[in-house]
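The block underneath contains the structure these notes are about, expressed in structure tokens.
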Amino acid sequence: MLDLALSHLDRPFDYSVSADQHEEAVPGARVRVRFAGKQRDGFVLERLEGSAHDGTLSPLAKVVSPEPVLTAEVAALLRRVADHYAGSFSDVMRLAVPPRHAATEKAAPGPPAAVPATAATAAAPAGSSLADYPTGPAFLDALAAGRSPRAGWAVTPSHVRGGDWASGLAAAARATAASGRGAVLVVPDQRDLDLLRQACTEALGVAGFAVLVAEAGPAARYRAFLRALRGEVRVVVGNRAAAFAPVRDLGLVALWDDGDDLLAEPRAPYPHAREVLALRAAGTGAGVLLAGYQRTSEVQALVERGWVREIAQDRTVARHAAPRVKVTADTDRALERDPAAKAARLPHEVFELMRAALPQGPVLVQVPRAGYLVALVCQDCREPARCRHCGGPTRLSAAGGGAGEAWGGAERWGGTGALQASCRWCGRPQNGWECPICGSRRYRAPVVGSERTAEELGRAFPQTTVRQSAGGQVATTVPATPAIVVATPGAEPRAEGGYAGAVLLDTPLLLLRADLRAPEEALRRWLNAVALVRGGSDGGSVVAVGESSSRALQALVRVDPVGFAARELVDRTEAHFPPAAKLVTVEGRPEAVAEFVELAQLPPHAELLGPVALPPERGAEGVLHRLTLRAPPREGAGLVRAVKDVGAIRSARKSEGALRVRVDPVAFG
């Protein structure tokens, strides 16, 4: 298989192997061949005695390395992933096999990692959170016995042991290794990887697993890849790059927080780690563990189909283990006490919770946006304030200070008073701005960022330390001392012993995003913050500021992500959206999209929506159009195949204008 991005050449080619190359040209080895007058890189897929090709075969130009880096199991997975996402083998191959690092490859291999002594000790290691779930021990026992159970784990969002997902994944990997098989554990980001690495160190030892991440650098990434390939370790942990890890005798694939968009590859053909691992488990017969505080519609669909079984605590137990959650102004009595609660950004109940919780420890305040005043509009006509130079959006920034800095309210902001309106695109100051509609020179901010929130809370609690975690300066942990921690979603630091309380501000900003997954994503971010708070038995409490009739907020109050996912799946089914239907988007220049429509041979029940013009992208030349295709699940494979066939025809024709094809895109709005 050659490293060619052309769709019409997405197939293996036959080359002859000379006697001198016989020992080194093994299946999986890197080679170089001559193709269309140029030297091309590729991999040996298979060695055969003869070829169906009529003419004389060209010889291999060179065996770059005899290391069989592309195993037969991974090669089959790459083919399935490419076909599932209407992509090419070579595109997926670049994601799966890291570039060669010659010095690392020539180094002497290390000794194999020790296997846990017995299955009995591996199945229930001390401190495993899975032991707190009714079917958790049975899942571990099945892995240790060599079987391949598949489960969707609804982790209770709490700081107590039942919410420790990392120890549960490490316990599952230990049980799998005890059965003589391998495991692949995938997480979205570095913060989650640090937690999982610590848990795996306790369960497997420092040398019992390899960490495979693309950001580690060429040598470190290739070293971890080779350790798994050569059988030096049975367990590989990492981000989405680890989903293709060449682990021997794979017995388990596990994924944490599959709703995180970091698990979706930003490069073609845009595979999602959840689908990659599901395809891999289906092809190898490995066990599956899909864990998260939030249940996505995709995992709920797998549960309802019976492909995975549910692991969850009893509803009563989960409610007691999780912190108490309430929404402001959710009763008539609350409105009587604070009539402005529905309109206020910081209603009275927020200050009540913070005054009660601060003596017990730190309080987390989650704000959806970073910055100070992150959007400006005209005070009189509400026209968005745009940059006079490039037309970009404007913001108001405060001078001095930064994320991650601790301060007292009056100390941090006293005496500065310097606010500067500037463009978020080009950075130019907007001195003397004037509204082009009504001529007003006054503006207001409909969206308040984390910096302004920290300023307001610092003034309200002048004797309390205020910390920020957002943007490029994200704190990892905070001490257990009383403090207000203002953080954006995903940047919340962990508190020693858990937060005494939490406040979720501006919840409508997350719910009103123009995206199919907006409610699901909002609930995921809220539950991730709730999980950092002490349990209800320890006095932990959370207040969300928003409309109490929101379905997502109601699910948050009930701590019922499974019920929310079930209802969301029903709505997706009625509206014919993924995962209840196969959806494909095609984006490109109008003439390229028109050619696609002309060539496409769609299944009988497929729908063609559009094309529609997309909002102009910054720096883009011309307007792009988007075409949306969807089909019922039974015709999903046919729809993807039809889309891929069009790509092959356009590639062979050398048609002008690239098309961006996404199958079941993560963001759709």
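Please note that chains go A, B, ... in the order of the structure tokens, that every chain numbers its residues from 1, and that ligands are numbered from 1 in the order shown.
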Contact residues around Val211 of chain A with only C-alpha atoms at 10 Å, ignoring same-chain residues under 5 positions, as a list in words: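 Those residues are Leu185, Leu193, Arg197, Ala216, Ala220, Arg221, Arg223, Ala224, Phe225, Arg227, Ala228, Val235, Val236, Val237, Gly238, Asn239 and Ala242 of chain A.
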Per DSSP on the backbone, filter segment 430-550 of chain A down to the residues in strand (DSSP E) and report them as a ChimeraX atom specification. /A:443-448,465-469,477-478,484-487,494-495,501-504,541-544
If you take only C-alpha atoms and a cut-off of 9 Å, which residues of segment 514-534 of chain A touch segment 358-382 of chain A, and what are their nearest atom pairs and distances in Å to one decimal, in chain and number order, as a Markdown table?
```
| residue | atom | partner | partner_atom | distance |
| --- | --- | --- | --- | --- |
| A:Trp526 | CA | A:Gln366 | CA | 8.4 |
| A:Ala529 | CA | A:Gln366 | CA | 7.6 |
| A:Leu532 | CA | A:Leu364 | CA | 8.7 |
| A:Val533 | CA | A:Leu364 | CA | 8.3 |
```
Just want the 12 Å neighbourhood of Thr394 of chain A, counted on only C-alpha atoms, with same-chain residues fewer than 5 positions away dropped. Output as a ChimeraX atom specification. /A:371-378,383-389,420-431,433,443-445,447
Neighbouring residues of Asp192 of chain A were defined as those with any atom within 10 Å, considering only C-alpha atoms; residues of the same chain fewer than 2 positions away were excluded. Please report them as a list in words.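 Here the answer would be Trp165, Ala166, Val186, Val187, Pro188, Asp189, Gln190, Asp194, Leu195, Leu196, Arg197, Gly238, Asn239, Trp256 and Asp257 of chain A.
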Export of prior selection with N, CA and C atoms as a PDB file, in the first residue's frame:
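Generated output (out.pdb):
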```pdb
ATOM      1  N   TRP A 165     -12.917   7.690  37.811  1.00  0.00           N
ATOM      2  CA  TRP A 165     -12.939   6.892  36.582  1.00  0.00           C
ATOM      3  C   TRP A 165     -11.571   6.317  36.243  1.00  0.00           C
ATOM      4  N   ALA A 166     -10.499   7.043  36.595  1.00  0.00           N
ATOM      5  CA  ALA A 166      -9.156   6.602  36.216  1.00  0.00           C
ATOM      6  C   ALA A 166      -8.802   5.274  36.875  1.00  0.00           C
ATOM      7  N   VAL A 186      -7.887   5.197  26.052  1.00  0.00           N
ATOM      8  CA  VAL A 186      -7.812   6.476  25.348  1.00  0.00           C
ATOM      9  C   VAL A 186      -8.559   7.540  26.141  1.00  0.00           C
ATOM     10  N   VAL A 187      -7.942   8.712  26.282  1.00  0.00           N
ATOM     11  CA  VAL A 187      -8.543   9.861  26.969  1.00  0.00           C
ATOM     12  C   VAL A 187      -8.406  11.087  26.067  1.00  0.00           C
ATOM     13  N   PRO A 188      -9.179  12.158  26.325  1.00  0.00           N
ATOM     14  CA  PRO A 188      -9.159  13.312  25.410  1.00  0.00           C
ATOM     15  C   PRO A 188      -7.916  14.186  25.493  1.00  0.00           C
ATOM     16  N   ASP A 189      -7.430  14.510  26.716  1.00  0.00           N
ATOM     17  CA  ASP A 189      -6.398  15.542  26.820  1.00  0.00           C
ATOM     18  C   ASP A 189      -5.346  15.182  27.863  1.00  0.00           C
ATOM     19  N   GLN A 190      -4.407  16.082  28.029  1.00  0.00           N
ATOM     20  CA  GLN A 190      -3.266  15.836  28.902  1.00  0.00           C
ATOM     21  C   GLN A 190      -3.684  15.768  30.366  1.00  0.00           C
ATOM     22  N   ASP A 194      -2.811  12.570  32.684  1.00  0.00           N
ATOM     23  CA  ASP A 194      -2.036  12.586  33.923  1.00  0.00           C
ATOM     24  C   ASP A 194      -2.735  11.771  35.016  1.00  0.00           C
ATOM     25  N   LEU A 195      -4.060  11.902  35.117  1.00  0.00           N
ATOM     26  CA  LEU A 195      -4.801  11.116  36.104  1.00  0.00           C
ATOM     27  C   LEU A 195      -4.731   9.630  35.791  1.00  0.00           C
ATOM     28  N   LEU A 196      -4.886   9.274  34.521  1.00  0.00           N
ATOM     29  CA  LEU A 196      -4.857   7.868  34.137  1.00  0.00           C
ATOM     30  C   LEU A 196      -3.459   7.281  34.299  1.00  0.00           C
ATOM     31  N   ARG A 197      -2.443   8.069  34.003  1.00  0.00           N
ATOM     32  CA  ARG A 197      -1.072   7.586  34.173  1.00  0.00           C
ATOM     33  C   ARG A 197      -0.793   7.259  35.644  1.00  0.00           C
ATOM     34  N   GLY A 238      -3.164   6.790  26.157  1.00  0.00           N
ATOM     35  CA  GLY A 238      -2.832   7.979  25.388  1.00  0.00           C
ATOM     36  C   GLY A 238      -4.070   8.699  24.910  1.00  0.00           C
ATOM     37  N   ASN A 239      -3.856   9.691  24.034  1.00  0.00           N
ATOM     38  CA  ASN A 239      -4.980  10.413  23.447  1.00  0.00           C
ATOM     39  C   ASN A 239      -5.425   9.695  22.178  1.00  0.00           C
ATOM     40  N   TRP A 256     -12.495   7.247  27.682  1.00  0.00           N
ATOM     41  CA  TRP A 256     -13.082   8.132  28.679  1.00  0.00           C
ATOM     42  C   TRP A 256     -13.616   9.392  28.012  1.00  0.00           C
ATOM     43  N   ASP A 257     -14.869   9.760  28.366  1.00  0.00           N
ATOM     44  CA  ASP A 257     -15.486  11.027  27.958  1.00  0.00           C
ATOM     45  C   ASP A 257     -15.543  11.157  26.443  1.00  0.00           C
TER      46      ASP A 257
END
```
